[in-house]
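Trainee: Pasting a structure below so you can have a look.
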Amino acid sequence: MGKLDVKFNGFELKNPIMTASGTYGYASEFNEFIDVSKLGAIVTKAISLFPRAGNKHLRITETKAGMINSIGLENVGIEKFLETKVKELNSNNINFVMNLAGSTLDEYVQVAKFCNKNNIKAIELNVSCPNVKSGCLEFGTDEKSLYELVCAVRNEYKGFLIIKLTPNVTSIEALGLAAQKAGADAVSAINTLKGTSIKIDLVNGKFKKTIVQGGYSGIGIKPVAIGAICRLYKVLDIPIIGIGGIETLEDVLEFLAAGAEAVQIGTANFTHPETAEKLVFELEEYINKNGFKDLDELKKKLRE
Amino acid sequence: MKKIHKAKVNKIEKVSASSYFIEIECKNKVEVKAGQFISIYCDGLTLRRPFSVYANENGKIGILFKERGKGTKYIKSLNVGDFIDIAGPFGNGFDIKNKKALLIGAGIGTAPIAYLKSKLDEQNIENYYVAGFLNKDEIPQGMIIDKTCTDDGSYGEKGSVLNYLGVLINELSPEVIYACGPHIVLKMVSEFAQNYGIEVQVAMEKVMACGIGVCRGCVIDVKKDGKIINQTVCKDGPVFNGNEVVWGN
């Protein structure tokens, strides 16, 4: 067992550095930059019951401190994922969490059944999808919907179940507690913030507007993420995985101090694709250099 | 080989009224196919900026760019001797055929086409290169072109490259067309090629985040086997069969 181990109940990471869903594909693409097997785990693109083509309009734009995306959960669907991608991940020795998205409770449950049958060790529920049956309100913004969803998935899936919480709510603690009560093993926080970018050009006396509405991510959301994790840490018993604008070792330490047991690197993978591997090395070096016994001791001291 | 490189700026110079040439050199020689691109980390910006390669001799990489926003402003501010962080080469590049070729470049889209021309010349493949610019002052110094068109007629033929396409196809009977430029130019070139039954390869451009096909931010609609599917400009492209691209408006 290494110094950086993170032992969740039923799922282990060799270090706390993970990569966030939607920013790492199915991992093989990053082999040309780093040795992905060195990471704690990667989280796959969101997988739905059937393949999804995603959105049509302009999908990404840069903002002052990050970016906005509206990809629309384009993915290969669960069957193809199981057929091709899982094999590839396993043969490359990559520890992974499958992110799962759906439009109805039934869709989540069906995908969860596939995962259970195929021994997928860990899944992360993307609950920022509109719930078609309850007026398209997102599952993750309504305690009752979230509770029912997590209970239904829990019932069919015996592996490690993570709920990815959205920050676009009044009380993230209430949603975290609902997930915990329904049997989740962990929460990850935060998903992207809702945002809109309007870029304006004045061409020949006329305004040309480029609008991208979607999820805001990157360094700008870090304080929102840390705030959410601090609040969740006060009320939850299950572990928290921190996400939101992490780029440097200092960022990782701040998330650990706030109460995160592990972290996910997202947008930074686009800016510097070697970020996650670099953070593993830097964290290990930091622990050794400063004489901490292991990651657990570092966390304890950071939270004193 | 790992695709992240620290690169030293060898040269940076203004080569037309609004375009600049930068030559960078990495410790390890980087071989780039015509039509492939590299992405440059621009200090403090979240998204790397992709650039088609304009020249690639002895492992050095040359790029042509215009100052259009924060990224290119940063690149313009670089000095000889500065180090920058580049990733790549990425993308498929042109599929060079041993066939008589018509090359079409418009605006900054002339960069990958000029590089392609040098590759065709190297392989003694017969080719004819038509390039279009706004005006005389926009023509990059040193670019070798067979026919130049300017919108205002200040140099070469007056008007768009598209005006001369029909005539050129009839005169030259090319077996393949390679093109890069604004969306509308690529759309029209592809339509011409289709009408004449000529193979056409177009290098596309789109805002991208990852450059390696994972974020799915730069997809376009492409017809494959009768079905319309998403393909990424960064990984499946940037070069597409012009007859397979769903052009829209």
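Ligands are numbered from 1 in the order shown, residues from 1 within each chain, and chains are lettered A, B, ... in the order they appear in the structure tokens.
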Might you pull out every residue within 8 Å of Tyr157 of chain A, with only C-alpha atoms counted and same-chain residues fewer than 4 positions away left off, and present them as a list in words?

Mentor: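 The neighbour list is Ala112, Lys113, Cys115, Asn116, Val153 and Leu161 of chain A.
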
Trainee: For chain A against chain B, which residues fall within 10 Å using only C-alpha atoms, given as a PyMOL selection string?

Mentor: chain A and resi 21-34+45+53-67+69-75+218-219+267-274

Trainee: Atom CA of Pro238 of chain B and atom CA of Met204 of chain B, how far apart in Å?

Mentor: 5.1 Å

Trainee: Could you pull the residues within 8 Å of Phe94 of chain B, counting only C-alpha atoms, minus those fewer than 2 positions along the same chain, as a list in words?

Mentor: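 Residues meeting the cut-off are Lys33, Ala34, Gly35, Gln36, Asn92, Ile96, Leu116, Tyr178, Gln201, Ala203 and Val239 of chain B.
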
Trainee: Measuring between only C-alpha atoms, which one of B:Ala55, B:Val176, B:Leu78, B:Ile125 shows the shortest distance to Gly142 of chain B?

Mentor: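 When distances to Gly142 of chain B are compared using only C-alpha atoms, the smallest one comes from B:Ala55.
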